[in-house]
Amino acid sequence: MDVSTSESVRDFVSLGMFIIDEFSFADENGKPTGKTLPPQVRGTYATIGARIWLSPSRIGMIIDRGNDFLADIQNTLDAYGKDIWLYRDNPTRGTTRALNAYRGELRGFEYITPRIQITPKDLQGTKLARAKIIHFICSPTRAGEIISQVKKERDWRPITVYEPIPDRCVPEELPALQAVLPDISVLSPNAEEALSLLSMPTPPTKELVEQACRRFLDMGVGPDGTGSVIIRSGAMGACVARRDQPISWVDAYWSGPGGAARVVDVTGAGNSFLGGLAAGLVLTNGDVYEATLYASVSASFTIEQEGIPRLTHEDGGQVERWNGDAPERRLKELQERLARTKGTK
């Protein structure tokens with residue numbers, strides 16, 4: 001997979017939609033519990049997943065900033081690097097918001113303001129134009145519209161990382177997915193979504209996931225079938241499949257003894273994984289398997305707490321720490337773990 005070395009464009013841009021999440025909590029009978037959470041940012045997980053590895057000037061995302069944009073949220077975003085964000089201000093409307101309504105263990109989700117979807121056209125003429133890698137999460141039908149816009153821009157053929165939106169991972173969407181697959185560089189549903197699209201039985205097992213990978217590859221992922229399928233499978237890890245390589249697995253970083261205790265909230269793990277994957281493609285010159293290790297590490301930082309991981313600096317700002325740890329240390333540990341596993345087979 002070719003990753004351009006041009007310095008004039010961003011390595012990675014996510015077309016994710018920025019959302020401010022609000023929360024309500026009730027018991028099984030609908031009685032408020034008294035629990036509260038402050039508003040949190042959502043839609044940035046893929047960008048932060050890439051930011052763990054790449055400097056702010058190499059990545060980007062559009063933020064539609066309404067008239068109710070909170071200073072705390074602004075400060076949170078800017079802490080990761082002001083150059084990442086392309087702000088579009090609209091004083092006549094509020095920022096896109098959604099309500100996460102918990103009733104016992106069940107979570108309801110609804111938008112409480114109109115959505116503003118991001119398209120490749122929105123990048124034209126901005127600092128985010130003609131990115132080397134773009135990430136999008138949407139229905140297969142909308143993915144086709146995104147690809148159509150990309151093709152209309154002359155001499156722009158980015159690596160495309162596509163994450164099907166969960167509620168459209170149904171068998172009825174499979175024809176639309178098949179139509180867009182030749183233009184997708186990396187297809188990455190999670191295991192349940194993959195099996196649902198293909199009308200395969202659940203719960204997921206490694207055998208079923210590998211079968212799903214083969215079926216997607218048989219449909220023709222990427223130009224001339226040169227694309228990749230990466231099925232994110234929770235604690236089982238990630239299944240990496242290409243036509244020209246044997247199917248392989250990459251561990252979830254927090255798999256193994258004691259790891260489960262470090263998992264606090266898996267919200268955003270898949271998005272963060274794919275941002276890390278994109279960064280890994282840049283840093284490994286397009287090696288999809290090695291890039292998946294970067295993805296696993298990015299996800300590991302996201303699931304350690306509610307919300308996005310914390311970035312701090314040491315040695316006068318020269319050294320970055322994420323949740324107090326070094327991504328490079330985790331990457332090396334994961335590489336050594338997988339090497340030992342291969343050595344015992």
# chains A, B, ... in the order shown; residues from 1 in each chain; ligands from 1
$ select_by_dssp --residues "region 144-275 of chain A" --states "helix (DSSP H, G or I)" --output "MDAnalysis selection string"
chainID A and resid 144:152 166:168 171:183 191:197 206:219 223:225 234:236 259:262 269:275
$ select_by_dssp --residues "region 90-167 of chain A" --states "strand (DSSP E or B)" --output "number ranges by chain"
A: 97-103, 106-111, 133-138, 159-164
$ closest_atom_pairs --of "region 167-268 of chain A" --to "region 137-155 of chain A" --cutoff "8 Å" --atoms "only C-alpha atoms" --output "Markdown table"
| residue | atom | partner | partner_atom | distance |
| --- | --- | --- | --- | --- |
| A:Arg168 | CA | A:Ser139 | CA | 5.6 |
| A:Cys169 | CA | A:Ser139 | CA | 7.8 |
| A:Glu173 | CA | A:Pro140 | CA | 6.6 |
| A:Leu174 | CA | A:Pro140 | CA | 8.0 |
| A:Ala176 | CA | A:Pro140 | CA | 5.5 |
| A:Leu177 | CA | A:Pro140 | CA | 4.9 |
| A:Ala179 | CA | A:Gly144 | CA | 7.7 |
| A:Val180 | CA | A:Gly144 | CA | 5.5 |
| A:Asp183 | CA | A:Ile147 | CA | 7.1 |
$ closest_atom_pairs --of "region 40-75 of chain A" --to "region 254-269 of chain A" --cutoff "12 Å" --atoms "only C-alpha atoms" --output "JSON lines"
{"residue": "A:Gln40", "atom": "CA", "partner": "A:Thr267", "partner_atom": "CA", "distance": 11.9}
{"residue": "A:Val41", "atom": "CA", "partner": "A:Gly268", "partner_atom": "CA", "distance": 10.8}
{"residue": "A:Arg42", "atom": "CA", "partner": "A:Gly268", "partner_atom": "CA", "distance": 8.1}
{"residue": "A:Gly43", "atom": "CA", "partner": "A:Gly268", "partner_atom": "CA", "distance": 8.1}
{"residue": "A:Thr44", "atom": "CA", "partner": "A:Gly268", "partner_atom": "CA", "distance": 8.6}
{"residue": "A:Tyr45", "atom": "CA", "partner": "A:Gly268", "partner_atom": "CA", "distance": 5.6}
{"residue": "A:Ala46", "atom": "CA", "partner": "A:Gly268", "partner_atom": "CA", "distance": 7.9}
{"residue": "A:Thr47", "atom": "CA", "partner": "A:Gly268", "partner_atom": "CA", "distance": 10.8}
{"residue": "A:Ile48", "atom": "CA", "partner": "A:Gly268", "partner_atom": "CA", "distance": 10.1}
{"residue": "A:Gly49", "atom": "CA", "partner": "A:Ala269", "partner_atom": "CA", "distance": 8.9}
$ write_last_selection --atoms "C-alpha atoms" --output "short mmCIF file (atom, residue, chain, number, x, y, z; two decimals), in the first residue's frame"
data_model
loop_
_atom_site.label_atom_id
_atom_site.label_comp_id
_atom_site.auth_asym_id
_atom_site.auth_seq_id
_atom_site.Cartn_x
_atom_site.Cartn_y
_atom_site.Cartn_z
CA GLN A 40 -18.05 15.30 26.49
CA VAL A 41 -16.65 15.52 22.97
CA ARG A 42 -17.33 12.72 20.51
CA GLY A 43 -16.38 12.15 16.91
CA THR A 44 -12.72 12.97 17.59
CA TYR A 45 -11.56 9.47 18.55
CA ALA A 46 -10.08 8.59 15.15
CA THR A 47 -8.19 11.87 15.02
CA ILE A 48 -6.84 11.41 18.55
CA GLY A 49 -5.93 7.81 17.70
#
$ residues_around --residues "region 186-194 of chain A" --least-positions-apart "3" --cutoff "8 Å" --atoms "only C-alpha atoms" --output "PDB file with N, CA and C atoms, in the first residue's frame"
ATOM      1  N   ILE A 159      -5.641   6.954   0.222  1.00  0.00           N
ATOM      2  CA  ILE A 159      -5.961   5.698   0.880  1.00  0.00           C
ATOM      3  C   ILE A 159      -7.260   5.914   1.646  1.00  0.00           C
ATOM      4  N   THR A 160      -8.217   5.018   1.470  1.00  0.00           N
ATOM      5  CA  THR A 160      -9.542   5.163   2.086  1.00  0.00           C
ATOM      6  C   THR A 160      -9.723   4.117   3.171  1.00  0.00           C
ATOM      7  N   VAL A 161      -9.998   4.578   4.376  1.00  0.00           N
ATOM      8  CA  VAL A 161     -10.235   3.701   5.520  1.00  0.00           C
ATOM      9  C   VAL A 161     -11.708   3.829   5.878  1.00  0.00           C
ATOM     10  N   TYR A 162     -12.453   2.761   5.633  1.00  0.00           N
ATOM     11  CA  TYR A 162     -13.916   2.818   5.764  1.00  0.00           C
ATOM     12  C   TYR A 162     -14.395   1.961   6.927  1.00  0.00           C
ATOM     13  N   GLU A 163     -15.163   2.601   7.786  1.00  0.00           N
ATOM     14  CA  GLU A 163     -15.755   1.967   8.967  1.00  0.00           C
ATOM     15  C   GLU A 163     -17.276   2.024   8.820  1.00  0.00           C
ATOM     16  N   PRO A 164     -17.924   0.908   8.465  1.00  0.00           N
ATOM     17  CA  PRO A 164     -19.385   0.945   8.305  1.00  0.00           C
ATOM     18  C   PRO A 164     -20.078   1.320   9.610  1.00  0.00           C
ATOM     19  N   PRO A 166     -22.591   1.223  12.583  1.00  0.00           N
ATOM     20  CA  PRO A 166     -23.181  -0.015  13.137  1.00  0.00           C
ATOM     21  C   PRO A 166     -24.616  -0.298  12.719  1.00  0.00           C
ATOM     22  N   CYS A 169     -25.143  -1.990   9.333  1.00  0.00           N
ATOM     23  CA  CYS A 169     -24.474  -3.272   9.062  1.00  0.00           C
ATOM     24  C   CYS A 169     -25.513  -4.382   9.078  1.00  0.00           C
ATOM     25  N   VAL A 170     -26.360  -4.360   8.061  1.00  0.00           N
ATOM     26  CA  VAL A 170     -27.448  -5.317   7.925  1.00  0.00           C
ATOM     27  C   VAL A 170     -27.371  -5.919   6.526  1.00  0.00           C
ATOM     28  N   LEU A 181     -16.753  -1.364  -2.579  1.00  0.00           N
ATOM     29  CA  LEU A 181     -15.531  -2.035  -2.128  1.00  0.00           C
ATOM     30  C   LEU A 181     -14.328  -1.860  -3.060  1.00  0.00           C
ATOM     31  N   LEU A 197     -23.655  -8.222   8.416  1.00  0.00           N
ATOM     32  CA  LEU A 197     -23.694  -7.884   6.989  1.00  0.00           C
ATOM     33  C   LEU A 197     -23.776  -9.132   6.119  1.00  0.00           C
ATOM     34  N   LEU A 198     -23.048 -10.175   6.530  1.00  0.00           N
ATOM     35  CA  LEU A 198     -22.937 -11.387   5.722  1.00  0.00           C
ATOM     36  C   LEU A 198     -23.949 -12.468   6.111  1.00  0.00           C
ATOM     37  N   THR A 202     -23.900 -15.888  14.952  1.00  0.00           N
ATOM     38  CA  THR A 202     -23.174 -15.314  16.078  1.00  0.00           C
ATOM     39  C   THR A 202     -23.287 -16.273  17.264  1.00  0.00           C
ATOM     40  N   PRO A 203     -22.468 -16.132  18.315  1.00  0.00           N
ATOM     41  CA  PRO A 203     -21.486 -15.072  18.570  1.00  0.00           C
ATOM     42  C   PRO A 203     -20.225 -15.265  17.736  1.00  0.00           C
ATOM     43  N   PRO A 204     -19.405 -14.199  17.624  1.00  0.00           N
ATOM     44  CA  PRO A 204     -18.188 -14.303  16.817  1.00  0.00           C
ATOM     45  C   PRO A 204     -17.177 -15.275  17.424  1.00  0.00           C
ATOM     46  N   VAL A 209     -14.811 -15.204  12.061  1.00  0.00           N
ATOM     47  CA  VAL A 209     -14.238 -13.927  11.635  1.00  0.00           C
ATOM     48  C   VAL A 209     -13.336 -14.127  10.419  1.00  0.00           C
ATOM     49  N   ALA A 212     -15.427 -14.558   7.430  1.00  0.00           N
ATOM     50  CA  ALA A 212     -15.969 -13.273   6.985  1.00  0.00           C
ATOM     51  C   ALA A 212     -14.919 -12.488   6.207  1.00  0.00           C
ATOM     52  N   VAL A 221     -11.927  -6.152  -2.584  1.00  0.00           N
ATOM     53  CA  VAL A 221     -11.662  -4.946  -1.799  1.00  0.00           C
ATOM     54  C   VAL A 221     -10.465  -4.220  -2.397  1.00  0.00           C
ATOM     55  N   GLY A 222     -10.634  -2.954  -2.719  1.00  0.00           N
ATOM     56  CA  GLY A 222      -9.553  -2.167  -3.285  1.00  0.00           C
ATOM     57  C   GLY A 222      -9.400  -2.376  -4.779  1.00  0.00           C
ATOM     58  N   GLY A 227      -6.883  -4.352  -1.728  1.00  0.00           N
ATOM     59  CA  GLY A 227      -7.191  -3.766  -0.431  1.00  0.00           C
ATOM     60  C   GLY A 227      -7.104  -4.770   0.702  1.00  0.00           C
ATOM     61  N   SER A 228      -7.419  -4.286   1.890  1.00  0.00           N
ATOM     62  CA  SER A 228      -7.316  -5.088   3.114  1.00  0.00           C
ATOM     63  C   SER A 228      -8.647  -5.101   3.856  1.00  0.00           C
ATOM     64  N   VAL A 229      -8.858  -6.189   4.593  1.00  0.00           N
ATOM     65  CA  VAL A 229      -9.983  -6.282   5.517  1.00  0.00           C
ATOM     66  C   VAL A 229      -9.413  -6.470   6.912  1.00  0.00           C
ATOM     67  N   ILE A 230      -9.818  -5.624   7.832  1.00  0.00           N
ATOM     68  CA  ILE A 230      -9.401  -5.744   9.231  1.00  0.00           C
ATOM     69  C   ILE A 230     -10.664  -5.772  10.072  1.00  0.00           C
ATOM     70  N   ILE A 231     -10.956  -6.929  10.637  1.00  0.00           N
ATOM     71  CA  ILE A 231     -12.163  -7.073  11.453  1.00  0.00           C
ATOM     72  C   ILE A 231     -11.758  -6.960  12.924  1.00  0.00           C
ATOM     73  N   ARG A 232     -12.254  -5.901  13.559  1.00  0.00           N
ATOM     74  CA  ARG A 232     -11.954  -5.633  14.964  1.00  0.00           C
ATOM     75  C   ARG A 232     -12.809  -6.534  15.844  1.00  0.00           C
ATOM     76  N   SER A 233     -12.176  -7.331  16.674  1.00  0.00           N
ATOM     77  CA  SER A 233     -12.882  -8.417  17.355  1.00  0.00           C
ATOM     78  C   SER A 233     -12.719  -8.382  18.867  1.00  0.00           C
ATOM     79  N   GLY A 234     -12.710  -7.181  19.434  1.00  0.00           N
ATOM     80  CA  GLY A 234     -12.685  -7.034  20.880  1.00  0.00           C
ATOM     81  C   GLY A 234     -11.491  -7.706  21.517  1.00  0.00           C
ATOM     82  N   GLY A 270     -13.034   1.601  18.438  1.00  0.00           N
ATOM     83  CA  GLY A 270     -12.901   1.287  17.025  1.00  0.00           C
ATOM     84  C   GLY A 270     -12.414   2.467  16.211  1.00  0.00           C
TER      85      GLY A 270
END
$ residues_around --residues "Gly280 (chain A)" --least-positions-apart "4" --cutoff "10 Å" --atoms "only C-alpha atoms" --output "ChimeraX atom specification"
/A:50,53-54,274-276,284-295
$ write_last_selection --atoms "all heavy atoms" --output "compact mmCIF listing (two decimals), in the first residue's frame"
# COMPACT_ATOMS: atom_id res chain seq x y z
N ALA A 50 -4.86 8.84 15.77
CA ALA A 50 -3.72 9.16 14.91
C ALA A 50 -2.75 10.11 15.59
O ALA A 50 -1.53 10.01 15.43
CB ALA A 50 -4.22 9.77 13.60
N TRP A 53 0.42 9.16 17.51
CA TRP A 53 1.65 8.84 16.78
C TRP A 53 2.18 9.99 15.94
O TRP A 53 3.38 10.03 15.63
CB TRP A 53 1.39 7.64 15.86
CG TRP A 53 0.89 6.43 16.57
CD1 TRP A 53 -0.39 5.96 16.59
CD2 TRP A 53 1.65 5.55 17.40
NE1 TRP A 53 -0.48 4.84 17.37
CE2 TRP A 53 0.77 4.56 17.88
CE3 TRP A 53 3.00 5.49 17.77
CZ2 TRP A 53 1.19 3.53 18.71
CZ3 TRP A 53 3.42 4.47 18.60
CH2 TRP A 53 2.52 3.50 19.06
N LEU A 54 1.31 10.88 15.50
CA LEU A 54 1.70 11.91 14.54
C LEU A 54 1.51 13.30 15.13
O LEU A 54 0.61 13.52 15.95
CB LEU A 54 0.87 11.79 13.26
CG LEU A 54 0.97 10.46 12.50
CD1 LEU A 54 -0.01 10.45 11.33
CD2 LEU A 54 2.39 10.20 12.02
N LEU A 274 -8.69 2.86 14.22
CA LEU A 274 -8.49 3.17 12.80
C LEU A 274 -7.66 4.43 12.60
O LEU A 274 -6.93 4.54 11.61
CB LEU A 274 -9.82 3.25 12.09
CG LEU A 274 -10.52 1.88 12.01
CD1 LEU A 274 -11.91 2.00 11.41
CD2 LEU A 274 -9.69 0.89 11.20
N GLY A 275 -7.73 5.37 13.52
CA GLY A 275 -6.80 6.49 13.46
C GLY A 275 -5.37 6.03 13.68
O GLY A 275 -4.44 6.46 12.99
N GLY A 276 -5.19 5.13 14.65
CA GLY A 276 -3.87 4.54 14.88
C GLY A 276 -3.40 3.74 13.68
O GLY A 276 -2.21 3.75 13.34
N THR A 284 5.00 2.99 8.74
CA THR A 284 5.58 1.71 8.31
C THR A 284 5.62 1.59 6.79
O THR A 284 5.82 0.49 6.27
CB THR A 284 4.78 0.52 8.88
OG1 THR A 284 3.46 0.52 8.31
CG2 THR A 284 4.68 0.59 10.40
N ASN A 285 5.41 2.71 6.11
CA ASN A 285 5.41 2.72 4.65
C ASN A 285 4.38 1.75 4.07
O ASN A 285 4.65 1.02 3.11
CB ASN A 285 6.80 2.41 4.09
CG ASN A 285 6.93 2.78 2.62
OD1 ASN A 285 6.27 3.71 2.16
ND2 ASN A 285 7.75 2.05 1.88
N GLY A 286 3.20 1.73 4.70
CA GLY A 286 2.08 0.98 4.14
C GLY A 286 1.98 -0.47 4.53
O GLY A 286 1.19 -1.22 3.93
N ASP A 287 2.73 -0.92 5.54
CA ASP A 287 2.66 -2.31 6.00
C ASP A 287 1.40 -2.48 6.86
O ASP A 287 1.36 -2.03 8.01
CB ASP A 287 3.91 -2.66 6.80
CG ASP A 287 4.00 -4.13 7.17
OD1 ASP A 287 2.96 -4.71 7.59
OD2 ASP A 287 5.10 -4.71 7.09
N VAL A 288 0.38 -3.13 6.30
CA VAL A 288 -0.92 -3.19 6.97
C VAL A 288 -0.84 -3.97 8.28
O VAL A 288 -1.44 -3.57 9.29
CB VAL A 288 -1.98 -3.81 6.03
CG1 VAL A 288 -3.29 -4.00 6.77
CG2 VAL A 288 -2.19 -2.91 4.82
N TYR A 289 -0.10 -5.08 8.29
CA TYR A 289 -0.01 -5.88 9.52
C TYR A 289 0.67 -5.06 10.63
O TYR A 289 0.16 -4.97 11.75
CB TYR A 289 0.77 -7.17 9.28
CG TYR A 289 0.99 -7.97 10.55
CD1 TYR A 289 -0.02 -8.77 11.07
CD2 TYR A 289 2.19 -7.89 11.25
CE1 TYR A 289 0.15 -9.49 12.25
CE2 TYR A 289 2.37 -8.59 12.43
CZ TYR A 289 1.37 -9.39 12.93
OH TYR A 289 1.55 -10.09 14.11
N GLU A 290 1.83 -4.46 10.33
CA GLU A 290 2.53 -3.67 11.34
C GLU A 290 1.69 -2.47 11.76
O GLU A 290 1.68 -2.09 12.94
CB GLU A 290 3.89 -3.22 10.82
CG GLU A 290 4.92 -4.33 10.72
CD GLU A 290 5.28 -4.93 12.08
OE1 GLU A 290 5.30 -4.18 13.08
OE2 GLU A 290 5.51 -6.16 12.14
N ALA A 291 0.99 -1.87 10.82
CA ALA A 291 0.14 -0.72 11.16
C ALA A 291 -0.95 -1.11 12.14
O ALA A 291 -1.38 -0.29 12.97
CB ALA A 291 -0.48 -0.14 9.89
N THR A 292 -1.39 -2.36 12.09
CA THR A 292 -2.44 -2.82 13.00
C THR A 292 -1.94 -2.87 14.44
O THR A 292 -2.72 -2.72 15.38
CB THR A 292 -2.98 -4.18 12.55
OG1 THR A 292 -3.42 -4.09 11.19
CG2 THR A 292 -4.17 -4.63 13.40
N LEU A 293 -0.65 -3.03 14.65
CA LEU A 293 -0.09 -2.95 16.00
C LEU A 293 -0.22 -1.53 16.54
O LEU A 293 -0.55 -1.33 17.72
CB LEU A 293 1.37 -3.40 16.02
CG LEU A 293 1.62 -4.90 16.13
CD1 LEU A 293 1.17 -5.64 14.86
CD2 LEU A 293 3.10 -5.19 16.39
N TYR A 294 0.05 -0.53 15.70
CA TYR A 294 -0.14 0.86 16.10
C TYR A 294 -1.61 1.09 16.46
O TYR A 294 -1.93 1.79 17.42
CB TYR A 294 0.26 1.79 14.96
CG TYR A 294 1.74 1.90 14.71
CD1 TYR A 294 2.44 0.89 14.05
CD2 TYR A 294 2.46 3.03 15.12
CE1 TYR A 294 3.80 1.00 13.80
CE2 TYR A 294 3.83 3.14 14.87
CZ TYR A 294 4.49 2.12 14.22
OH TYR A 294 5.85 2.23 13.97
N ALA A 295 -2.50 0.48 15.67
CA ALA A 295 -3.93 0.62 15.91
C ALA A 295 -4.32 0.05 17.27
O ALA A 295 -5.08 0.66 18.03
CB ALA A 295 -4.70 -0.09 14.80
$ atom_distance --atom1 "CA of Pro91 (chain A)" --atom2 "CA of Asp78 (chain A)"
20.2 Å
$ residues_around --residues "Thr36 (chain A)" --least-positions-apart "3" --cutoff "12 Å" --atoms "only C-alpha atoms" --output "list of chain:residue names"
A:Glu22, A:Phe23, A:Ser24, A:Phe25, A:Ala26, A:Pro32, A:Thr33, A:Pro39, A:Gln40, A:Asn100, A:Ala101, A:Tyr102
$ atom_distance --atom1 "CA of Trp322 (chain A)" --atom2 "CA of Tyr253 (chain A)"
14.8 Å
$ closest_residue --among "A:Gln335, A:Gly30, A:Asp21, A:Asp122" --to "Ile63 (chain A)" --atoms "only C-alpha atoms"
A:Asp122
$ atom_distance --atom1 "CA of Arg329 (chain A)" --atom2 "CA of Arg10 (chain A)"
25.7 Å
